[in-house]
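**Student:** Below is the file start38.tsv, which contains TSV, C-alpha atoms and all ligand atoms.
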chain	number	residue	atom	x	y	z
A	12	MET	CA	13.73	-39.29	34.28
A	13	GLU	CA	14.25	-41.37	31.15
A	14	LEU	CA	16.96	-40.70	28.58
A	15	GLN	CA	14.64	-41.45	25.65
A	16	GLU	CA	11.98	-39.11	26.95
A	17	PHE	CA	14.56	-36.38	27.52
A	18	ILE	CA	15.86	-36.76	23.96
A	19	SER	CA	12.35	-36.41	22.61
A	20	ASN	CA	11.66	-33.31	24.73
A	21	PHE	CA	14.99	-31.89	23.62
A	22	ALA	CA	14.21	-32.54	19.94
A	23	ASP	CA	10.81	-30.90	20.42
A	24	GLN	CA	12.50	-27.51	20.84
A	25	PHE	CA	13.71	-27.55	17.24
A	26	GLU	CA	11.65	-26.39	14.26
A	27	ASP	CA	13.74	-27.34	11.23
A	28	THR	CA	15.81	-30.18	12.62
A	29	ASP	CA	14.11	-33.54	12.25
A	30	ALA	CA	13.77	-35.50	15.49
A	31	SER	CA	15.50	-38.44	13.79
A	32	GLU	CA	18.69	-36.36	13.57
A	33	ILE	CA	18.86	-36.13	17.33
A	34	THR	CA	20.20	-39.06	19.33
A	35	LYS	CA	22.01	-39.31	22.63
A	36	ASN	CA	25.34	-38.89	20.82
A	37	THR	CA	24.39	-35.79	18.85
A	38	ILE	CA	26.83	-32.91	19.34
A	39	PHE	CA	23.97	-30.47	19.64
A	40	LYS	CA	25.99	-27.27	19.22
A	41	ASP	CA	26.94	-28.47	15.72
A	42	LEU	CA	23.32	-28.49	14.61
A	43	ASP	CA	22.59	-25.63	12.20
A	44	GLU	CA	19.58	-24.58	14.15
A	45	TRP	CA	21.37	-24.37	17.51
A	46	SER	CA	21.32	-20.82	18.97
A	47	SER	CA	21.33	-19.04	22.28
A	48	LEU	CA	17.54	-18.80	22.08
A	49	LEU	CA	17.36	-22.57	21.66
A	50	ALA	CA	19.59	-22.96	24.70
A	51	LEU	CA	17.06	-20.92	26.68
A	52	SER	CA	14.22	-23.07	25.32
A	53	VAL	CA	16.01	-26.23	26.39
A	54	SER	CA	16.52	-24.70	29.80
A	55	ALA	CA	12.87	-23.66	30.13
A	56	MET	CA	11.79	-27.13	28.97
A	57	ALA	CA	13.97	-28.73	31.66
A	58	GLU	CA	12.36	-26.55	34.28
A	59	GLU	CA	8.84	-27.19	33.05
A	60	GLU	CA	9.23	-30.95	32.60
A	61	TYR	CA	11.70	-31.85	35.35
A	62	GLY	CA	11.65	-28.90	37.74
A	63	VAL	CA	15.41	-28.35	37.42
A	64	SER	CA	17.18	-25.56	35.65
A	65	PHE	CA	20.41	-25.37	33.69
A	66	LYS	CA	22.90	-22.60	34.24
A	67	GLY	CA	24.67	-21.03	31.26
A	68	ASP	CA	27.83	-22.99	31.97
A	69	ASP	CA	25.99	-26.31	32.20
A	70	ILE	CA	24.97	-26.08	28.59
A	71	ARG	CA	28.37	-24.75	27.59
A	72	ASN	CA	30.16	-27.62	29.28
A	73	ALA	CA	27.97	-30.26	27.69
A	74	SER	CA	28.71	-31.60	24.26
A	75	THR	CA	26.24	-34.40	23.54
A	76	VAL	CA	22.54	-34.64	24.34
A	77	GLU	CA	23.39	-37.38	26.80
A	78	ASP	CA	25.80	-35.03	28.61
A	79	LEU	CA	22.90	-32.66	29.15
A	80	TYR	CA	20.74	-35.49	30.39
A	81	MET	CA	23.42	-36.50	32.90
A	82	ILE	CA	23.73	-32.93	34.19
A	83	LEU	CA	19.98	-32.76	34.72
A	84	LYS	CA	19.90	-36.17	36.32
A	85	ASN	CA	22.56	-35.16	38.81
A	86	LYS	CA	20.56	-32.11	39.75
A	87	SER	CA	17.20	-33.80	40.26
B	18	MET	CA	29.97	25.30	46.73
B	19	TYR	CA	27.90	25.55	43.54
B	20	ASN	CA	26.30	22.19	42.80
B	21	PRO	CA	22.98	22.02	40.94
B	22	PHE	CA	22.92	18.23	41.47
B	23	SER	CA	23.08	18.44	45.24
B	24	LEU	CA	20.60	16.34	47.22
B	25	SER	CA	21.18	18.02	50.56
B	26	ARG	CA	18.10	18.34	52.76
B	27	LYS	CA	16.36	15.68	50.65
B	28	THR	CA	15.24	12.31	51.94
B	29	ILE	CA	15.30	9.60	49.28
B	30	LEU	CA	13.79	6.11	49.46
B	31	VAL	CA	15.76	3.53	47.44
B	32	THR	CA	14.34	0.04	46.83
B	33	GLY	CA	16.53	-2.85	45.70
B	34	ALA	CA	19.34	-1.21	47.66
B	35	SER	CA	20.94	-4.50	48.68
B	36	SER	CA	22.45	-5.01	45.24
B	37	GLY	CA	23.48	-3.60	41.88
B	38	ILE	CA	21.95	-0.35	40.67
B	39	GLY	CA	20.01	0.26	43.89
B	40	LYS	CA	23.14	-0.14	46.00
B	41	ALA	CA	25.17	2.27	43.87
B	42	THR	CA	22.28	4.74	43.81
B	43	ALA	CA	21.88	4.73	47.59
B	44	ILE	CA	25.61	5.29	48.14
B	45	GLU	CA	25.86	8.08	45.56
B	46	CYS	CA	22.74	9.79	46.96
B	47	SER	CA	24.36	9.82	50.40
B	48	LYS	CA	27.54	11.32	48.93
B	49	LEU	CA	25.49	14.13	47.41
B	50	GLY	CA	24.02	14.97	50.80
B	51	ALA	CA	20.73	13.06	50.89
B	52	SER	CA	19.35	11.16	53.84
B	53	VAL	CA	18.49	7.79	52.42
B	54	ILE	CA	16.05	5.11	53.43
B	55	ILE	CA	17.25	1.86	51.90
B	56	THR	CA	15.20	-1.29	51.53
B	57	GLY	CA	15.70	-4.85	50.32
B	58	ARG	CA	15.07	-8.41	51.49
B	59	ASN	CA	18.56	-9.68	52.26
B	60	ARG	CA	19.56	-8.34	55.68
B	61	GLU	CA	23.28	-8.96	55.32
B	62	ARG	CA	23.66	-7.32	51.92
B	63	LEU	CA	21.38	-4.43	52.85
B	64	ASN	CA	23.50	-3.82	55.91
B	65	GLU	CA	26.61	-3.85	53.72
B	66	THR	CA	25.12	-1.04	51.64
B	67	PHE	CA	24.13	0.76	54.85
B	68	SER	CA	27.69	0.67	56.14
B	69	GLU	CA	28.92	2.25	52.89
B	70	LEU	CA	26.58	5.26	53.13
B	71	GLU	CA	28.28	8.57	53.82
B	72	ASN	CA	27.18	11.10	56.44
B	73	GLU	CA	24.46	10.52	59.04
B	74	GLY	CA	20.69	10.21	59.26
B	75	HIS	CA	20.05	7.15	57.11
B	76	ASN	CA	17.66	4.27	57.69
B	77	GLN	CA	17.29	0.70	56.52
B	78	VAL	CA	14.13	-1.39	56.32
B	79	ILE	CA	13.88	-5.06	55.41
B	80	ALA	CA	10.82	-5.55	53.20
B	81	ASP	CA	9.54	-7.94	50.57
B	82	LEU	CA	7.80	-5.58	48.17
B	83	CYS	CA	5.58	-8.38	46.88
B	84	GLU	CA	4.00	-8.89	50.31
B	85	THR	CA	1.17	-6.53	51.15
B	86	SER	CA	1.87	-6.37	54.89
B	87	SER	CA	5.57	-5.82	54.36
B	88	LEU	CA	4.89	-3.03	51.87
B	89	GLN	CA	2.41	-1.44	54.26
B	90	ASN	CA	4.99	-1.54	57.09
B	91	LEU	CA	7.55	0.14	54.93
B	92	VAL	CA	5.11	2.94	54.09
B	93	THR	CA	4.00	3.36	57.71
B	94	GLY	CA	7.60	3.79	58.83
B	95	ILE	CA	8.20	6.64	56.40
B	96	GLU	CA	7.42	10.21	57.45
B	97	HIS	CA	8.16	12.52	54.56
B	98	ILE	CA	10.36	11.96	51.56
B	99	ASP	CA	11.51	13.99	48.59
B	100	GLY	CA	12.27	11.17	46.24
B	101	ILE	CA	11.78	7.49	45.46
B	102	VAL	CA	14.07	5.34	43.34
B	103	HIS	CA	12.46	2.06	42.32
B	104	CYS	CA	15.40	-0.29	41.73
B	105	ALA	CA	13.98	-3.63	42.91
B	106	GLY	CA	13.44	-5.82	39.89
B	107	ILE	CA	14.08	-9.20	38.28
B	108	THR	CA	14.92	-10.48	34.83
B	109	LYS	CA	13.91	-13.86	33.48
B	110	ASN	CA	15.01	-15.06	30.08
B	111	ILE	CA	12.22	-17.32	29.00
B	112	PRO	CA	11.29	-18.05	25.39
B	113	PHE	CA	7.72	-16.98	24.72
B	114	GLN	CA	6.31	-20.49	24.38
B	115	PHE	CA	7.28	-21.12	28.02
B	116	ALA	CA	5.97	-17.79	29.32
B	117	THR	CA	3.08	-19.08	31.41
B	118	THR	CA	0.83	-16.70	33.32
B	119	ASP	CA	2.42	-17.91	36.57
B	120	LYS	CA	5.91	-16.97	35.41
B	121	LEU	CA	4.67	-13.71	33.97
B	122	SER	CA	2.97	-12.85	37.28
B	123	GLU	CA	6.22	-13.32	39.18
B	124	ILE	CA	7.96	-10.74	36.99
B	125	ILE	CA	5.05	-8.31	36.73
B	126	ASN	CA	4.43	-8.48	40.48
B	127	LEU	CA	7.90	-7.19	41.31
B	128	ASN	CA	8.71	-5.06	38.27
B	129	PHE	CA	5.33	-3.40	37.90
B	130	PHE	CA	2.74	-3.96	40.66
B	131	ALA	CA	5.16	-3.50	43.59
B	132	PRO	CA	6.56	-0.08	42.59
B	133	THR	CA	3.11	1.04	41.48
B	134	GLU	CA	1.48	0.17	44.80
B	135	LEU	CA	4.38	1.55	46.85
B	136	THR	CA	4.12	4.85	44.98
B	137	ARG	CA	0.34	4.93	45.30
B	138	LEU	CA	0.43	4.37	49.07
B	139	LEU	CA	3.05	7.08	49.55
B	140	VAL	CA	1.05	9.52	47.44
B	141	LYS	CA	-2.27	8.65	49.07
B	142	ASN	CA	-0.80	9.19	52.51
B	143	LYS	CA	0.71	12.49	51.39
B	144	LYS	CA	4.22	11.41	52.28
B	145	ILE	CA	5.94	12.87	49.23
B	146	ASN	CA	6.93	16.51	49.59
B	147	LYS	CA	6.14	19.15	47.01
B	148	GLY	CA	9.02	19.33	44.54
B	149	GLY	CA	9.53	15.59	44.97
B	150	SER	CA	10.87	13.29	42.26
B	151	ILE	CA	10.04	9.65	41.57
B	152	VAL	CA	12.41	7.60	39.43
B	153	PHE	CA	11.75	4.13	38.05
B	154	ILE	CA	14.59	1.97	36.77
B	155	SER	CA	12.98	0.73	33.61
B	156	SER	CA	14.96	-0.58	30.62
B	157	VAL	CA	15.57	-0.11	26.91
B	158	SER	CA	13.94	-3.54	26.75
B	159	GLY	CA	10.20	-2.98	26.49
B	160	VAL	CA	10.47	0.71	25.69
B	161	LEU	CA	12.76	0.89	22.64
B	162	CYS	CA	13.58	-2.73	21.85
B	163	SER	CA	13.54	-6.23	23.22
B	164	ALA	CA	15.82	-9.26	23.15
B	165	PRO	CA	15.35	-12.96	22.52
B	166	ALA	CA	13.49	-14.64	25.37
B	167	SER	CA	12.67	-11.29	26.97
B	168	SER	CA	8.99	-10.84	26.14
B	169	MET	CA	7.85	-11.03	29.76
B	170	TYR	CA	10.54	-8.70	31.05
B	171	SER	CA	9.86	-6.25	28.21
B	172	ALA	CA	6.15	-6.37	29.00
B	173	SER	CA	6.86	-5.44	32.63
B	174	LYS	CA	9.02	-2.48	31.61
B	175	GLY	CA	6.60	-1.43	28.87
B	176	ALA	CA	3.93	-1.26	31.55
B	177	VAL	CA	6.19	1.01	33.63
B	178	ASN	CA	6.64	3.24	30.58
B	179	GLY	CA	2.88	3.80	30.34
B	180	LEU	CA	2.55	4.19	34.08
B	181	ILE	CA	5.10	6.96	34.51
B	182	LYS	CA	3.44	9.09	31.86
B	183	GLY	CA	0.05	8.75	33.55
B	184	ILE	CA	1.37	9.35	37.08
B	185	ALA	CA	3.40	12.31	35.86
B	186	LEU	CA	0.16	13.99	34.79
B	187	ASP	CA	-1.73	13.09	37.96
B	188	LEU	CA	1.04	14.30	40.25
B	189	ALA	CA	2.01	17.45	38.36
B	190	PRO	CA	-0.50	19.56	40.32
B	191	ARG	CA	1.28	18.46	43.51
B	192	GLY	CA	4.61	19.49	42.07
B	193	ILE	CA	5.89	15.92	42.01
B	194	ARG	CA	7.84	14.72	38.97
B	195	VAL	CA	7.89	11.15	37.67
B	196	ASN	CA	10.52	9.79	35.27
B	197	SER	CA	12.40	6.65	34.42
B	198	VAL	CA	15.87	5.79	33.29
B	199	ILE	CA	16.13	3.18	30.56
B	200	PRO	CA	19.53	1.47	30.71
B	201	GLY	CA	21.03	-1.07	28.38
B	202	VAL	CA	22.84	-3.97	30.03
B	203	VAL	CA	24.51	-3.02	33.32
B	204	GLU	CA	27.04	-5.22	35.07
B	205	THR	CA	25.22	-6.44	38.18
B	206	ASN	CA	24.20	-9.73	39.78
B	207	ILE	CA	21.05	-9.74	37.72
B	208	PHE	CA	22.88	-11.85	35.14
B	209	GLU	CA	24.57	-14.28	37.49
B	210	ALA	CA	21.31	-16.02	38.27
B	211	GLY	CA	20.43	-16.54	34.64
B	212	VAL	CA	21.29	-19.06	32.01
B	213	ILE	CA	23.31	-16.57	29.97
B	214	SER	CA	26.84	-17.84	29.47
B	215	GLU	CA	30.03	-15.77	29.62
B	216	GLU	CA	30.47	-16.33	25.90
B	217	GLN	CA	27.04	-14.94	25.17
B	218	LEU	CA	27.72	-11.90	27.35
B	219	GLU	CA	30.96	-11.17	25.50
B	220	GLU	CA	29.09	-11.37	22.23
B	221	ASN	CA	26.38	-9.02	23.54
B	222	LYS	CA	29.01	-6.49	24.56
B	223	ARG	CA	30.09	-6.16	20.97
B	224	MET	CA	26.63	-4.85	20.07
B	225	TYR	CA	27.36	-1.68	22.06
B	226	PRO	CA	29.01	1.15	20.09
B	227	LEU	CA	30.85	2.08	23.30
B	228	LYS	CA	32.01	-1.57	23.49
B	229	ARG	CA	31.08	-2.32	27.08
B	230	PHE	CA	28.13	-2.72	29.43
B	231	GLY	CA	27.13	0.04	31.81
B	232	LYS	CA	28.29	0.35	35.41
B	233	PRO	CA	25.82	0.69	38.29
B	234	ILE	CA	27.36	4.02	39.29
B	235	GLU	CA	26.66	5.42	35.82
B	236	ILE	CA	22.98	4.62	36.22
B	237	ALA	CA	23.10	6.10	39.73
B	238	HIS	CA	24.38	9.40	38.34
B	239	SER	CA	21.55	9.65	35.82
B	240	VAL	CA	19.09	8.91	38.62
B	241	ILE	CA	20.66	11.66	40.71
B	242	TYR	CA	20.12	14.12	37.90
B	243	LEU	CA	16.41	13.22	37.89
B	244	LEU	CA	16.19	13.46	41.69
B	245	SER	CA	17.93	16.83	41.87
B	246	ASP	CA	16.46	20.25	41.23
B	247	ALA	CA	18.63	20.40	38.08
B	248	SER	CA	15.87	18.45	36.32
B	249	ALA	CA	13.01	20.51	37.79
B	250	TRP	CA	11.29	20.88	34.40
B	251	ILE	CA	11.50	17.21	33.40
B	252	THR	CA	8.57	14.92	34.02
B	253	GLY	CA	7.13	11.85	32.28
B	254	SER	CA	10.32	11.12	30.40
B	255	ASN	CA	12.60	8.13	29.87
B	256	LEU	CA	16.28	8.99	30.20
B	257	LEU	CA	18.19	6.77	27.78
B	258	ILE	CA	21.55	5.48	29.00
B	259	ASP	CA	22.69	2.63	26.80
B	260	GLY	CA	26.21	3.13	25.40
B	261	GLY	CA	24.65	3.75	22.00
B	262	LEU	CA	22.97	0.33	21.78
B	263	THR	CA	19.70	1.53	20.28
B	264	LEU	CA	21.30	3.82	17.71
B	265	GLN	CA	21.62	1.14	15.09
A	301	LIG	N1	21.39	-4.97	35.22
A	301	LIG	C1	20.92	-4.61	34.05
A	301	LIG	O1	21.49	-4.91	33.02
A	301	LIG	C2	19.68	-3.79	33.95
A	301	LIG	C3	19.40	-3.17	32.74
A	301	LIG	C4	18.24	-2.40	32.64
A	301	LIG	C5	17.40	-2.29	33.72
A	301	LIG	N2	17.68	-2.92	34.88
A	301	LIG	C6	16.74	-2.79	35.99
A	301	LIG	O2	17.38	-2.22	37.09
A	301	LIG	C7	16.76	-2.67	38.29
A	301	LIG	C8	17.85	-3.15	39.25
A	301	LIG	O3	18.55	-4.20	38.65
A	301	LIG	P1	19.96	-4.73	39.17
A	301	LIG	O4	20.69	-5.15	37.96
A	301	LIG	O5	20.57	-3.77	40.09
A	301	LIG	O6	19.48	-6.06	39.94
A	301	LIG	P2	20.09	-6.88	41.16
A	301	LIG	O7	21.52	-6.56	41.37
A	301	LIG	O8	19.69	-8.28	40.92
A	301	LIG	O9	19.25	-6.31	42.39
A	301	LIG	C9	17.88	-6.53	42.47
A	301	LIG	C10	17.38	-5.91	43.74
A	301	LIG	O10	15.96	-6.15	43.82
A	301	LIG	C11	15.66	-6.59	45.12
A	301	LIG	N3	14.48	-7.45	45.14
A	301	LIG	C12	14.26	-8.56	44.39
A	301	LIG	N4	13.08	-9.11	44.72
A	301	LIG	C13	12.55	-8.33	45.71
A	301	LIG	C14	11.34	-8.37	46.46
A	301	LIG	N5	10.42	-9.33	46.27
A	301	LIG	N6	11.14	-7.40	47.39
A	301	LIG	C15	12.06	-6.44	47.58
A	301	LIG	N7	13.20	-6.34	46.91
A	301	LIG	C16	13.45	-7.28	45.97
A	301	LIG	C17	16.88	-7.35	45.56
A	301	LIG	O11	16.87	-7.39	46.96
A	301	LIG	P3	17.37	-8.71	47.79
A	301	LIG	O12	18.57	-9.21	47.08
A	301	LIG	O13	17.68	-8.12	49.12
A	301	LIG	O14	16.24	-9.65	47.77
A	301	LIG	C18	18.01	-6.51	44.98
A	301	LIG	O15	18.34	-5.47	45.86
A	301	LIG	C19	15.77	-3.74	37.87
A	301	LIG	O16	14.47	-3.19	37.79
A	301	LIG	C20	16.22	-4.13	36.49
A	301	LIG	O17	15.16	-4.58	35.69
A	301	LIG	C21	18.82	-3.67	35.02
Starting from the file, give its structure as structure tokens.
Ligand SMILES: NC(=O)c1ccc[n+]([C@@H]2O[C@H](COP(=O)([O-])OP(=O)(O)OC[C@H]3O[C@@H](n4cnc5c(N)ncnc54)[C@H](OP(=O)(O)O)[C@@H]3O)[C@@H](O)[C@H]2O)c1

**Tutor:**
Amino acid sequence: MELQEFISNFADQFEDTDASEITKNTIFKDLDEWSSLLALSVSAMAEEEYGVSFKGDDIRNASTVEDLYMILKNKS
Amino acid sequence: MYNPFSLSRKTILVTGASSGIGKATAIECSKLGASVIITGRNRERLNETFSELENEGHNQVIADLCETSSLQNLVTGIEHIDGIVHCAGITKNIPFQFATTDKLSEIINLNFFAPTELTRLLVKNKKINKGGSIVFISSVSGVLCSAPASSMYSASKGAVNGLIKGIALDLAPRGIRVNSVIPGVVETNIFEAGVISEEQLEENKRMYPLKRFGKPIEIAHSVIYLLSDASAWITGSNLLIDGGLTLQ
């Protein structure tokens, strides 16, 4: 699993947020478009692309996109 | 003692009895005098429910309702029953764009096909007594509303909604009633497996005029009403039990 690829898959879940706004250091919960539905999309994406799933607390405990990537990486 | 909700001399089959709503329903049915046949997949948890049943004459059967042979075994082992409570079910919160046919099948298989086929086999083999009552645990989701990332779950419960109305008509000549209860969120394990955070759950609670989620025993009591002769003139209906959620 590559960080860059994960960031791009993560950014893909957004409609109104430009991919350029999302980097490994982005505090994703501060993005206007962030919502519980988006959290579920990110989770479903992780399962589809990487075969691992987030739990509610995983996403809650993460702050940056890279944090999320690390959680996934540790699970796979 | 006068009790129009009594289940004495009735035998009730409860699926999903190893957890949550099914567990509470099985225990409450036994307290109201029924002999219960409980089923689930997890031996340890099913046995826990079994040990909490009151009075004598109960049975437990391990069965995966999505496996044809297992379902058939369950049916073969049953002689005559007066009621079925379909509590086995799963929830998956998946945004629509990820709702592949494979994922949808998993939900529909358990929430819709399994209870349908179990009911059909019991009816075909004339195992349900006259005056019997069949209760599906459906949901407000799919019948009155839905929720984000719940399209597949809603579809499975919407299918149950159509089914009960049709079966109610087909079984009316045999004196068998078919209904569902449609709960709002109930505090069971069904949410522990998901990706819903504590925070989100607290926020959801505030959407309920009665300011809390339901308890499994409260669903059990509405099921008991539908199983008992107190509801002898009710068939094909959805009993709403949602703390006022769908009022506004
Ligand atoms: N909780 C809610 O908020 C809520 C709201 C509305 C409607 N409902 C509905 O109520 C029903 C019960 O939900 P619950 O909250 O009590 O769920 P739960 O605590 O997760 O229990 C689910 C039950 O289904 C059984 N089950 C799962 N897969 C099975 C399979 N393949 N074969 C046989 N049994 C299987 C489980 O048995 P094992 O563990 O032994 O495998 C368990 O006993 C479901 O239909 C659900 O959709 C729930």

**Student:** Enumerate as a ChimeraX atom specification the residues within 7 Å of ligand LIG 301 (chain A), counting all atoms listed in the file.

**Tutor:** /B:32-39,57-60,62-63,80-83,104-108,127-128,154-157,199-207

**Student:** If we count only C-alpha atoms, which residues of chain A reach to within 6 Å of chain B? Please list them as JSON, numbers by chain.

**Tutor:** {"A": [52, 66, 67, 68]}

**Student:** Please, what distance in Å, to one decimal, runs between atom CA of Lys144 of chain B and atom CA of Thr93 of chain B?

**Tutor:**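 Separating atom CA of Lys144 of chain B from atom CA of Thr93 of chain B is a distance of 9.7 Å.
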
**Student:** Out of A:Glu32, A:Glu77, A:Glu58, A:Asp43, which residue has the shortest atom-to-atom distance to Phe17 of chain A when counting only C-alpha atoms?

**Tutor:**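 Looking at the shortest contact to Phe17 of chain A, the residue is A:Glu77.
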
**Student:** Name all residues at most 9 Å from segment 79-87 of chain A (count all atoms listed in the file; drop same-chain ones fewer than 3 positions away) and give them as a PyMOL selection string.

**Tutor:** chain A and resi 12-14+17-18+35+57+61-65+69-70+72-76

**Student:** Determine, counting only C-alpha atoms, which protein, DNA and RNA residues have an atom within 10 Å of an atom of segment 240-251 of chain B; residues of the same chain fewer than 4 positions away are not included. Present the result as JSON, numbers by chain.

**Tutor:** {"B": [20, 21, 22, 23, 24, 25, 27, 29, 38, 42, 43, 45, 46, 49, 99, 100, 101, 102, 148, 149, 150, 151, 152, 153, 154, 185, 192, 193, 194, 195, 196, 197, 198, 234, 235, 236, 255, 256]}

**Student:** Do you have the atom CA of Asn146 of chain B-atom CA of Ser254 of chain B distance handy?

**Tutor:**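 Separation between atom CA of Asn146 of chain B and atom CA of Ser254 of chain B: 20.2 Å.
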
**Student:** Can you work out the spacing between atom CA of Ala51 of chain B and atom CA of Arg26 of chain B in Å, to one decimal?

**Tutor:**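 Atom-to-atom, atom CA of Ala51 of chain B to atom CA of Arg26 of chain B, that is 6.2 Å.
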
**Student:** Which residue gives the smallest distance to Thr28 of chain A among A:Lys40, A:Ala55, A:Gln15, A:Trp45, with all atoms listed in the file counted?

**Tutor:**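 Comparing A:Lys40, A:Ala55, A:Gln15, A:Trp45 against Thr28 of chain A, the winner is A:Trp45.
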
**Student:** Tell me, as a ChimeraX atom specification, which residues lie within 10 Å of Val160 of chain B, counting all atoms listed in the file; anything in the same chain fewer than 6 positions away does not count.

**Tutor:** /B:171-179,199,255

**Student:** Can you pull out every residue within 8 Å of Asp27 of chain A, counting all atoms listed in the file, but drop anything in the same chain fewer than 2 positions away, and send it as a list in words?

**Tutor:**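 Once the adjacent positions are removed, what remains is Phe25, Asp29 and Glu44 of chain A.
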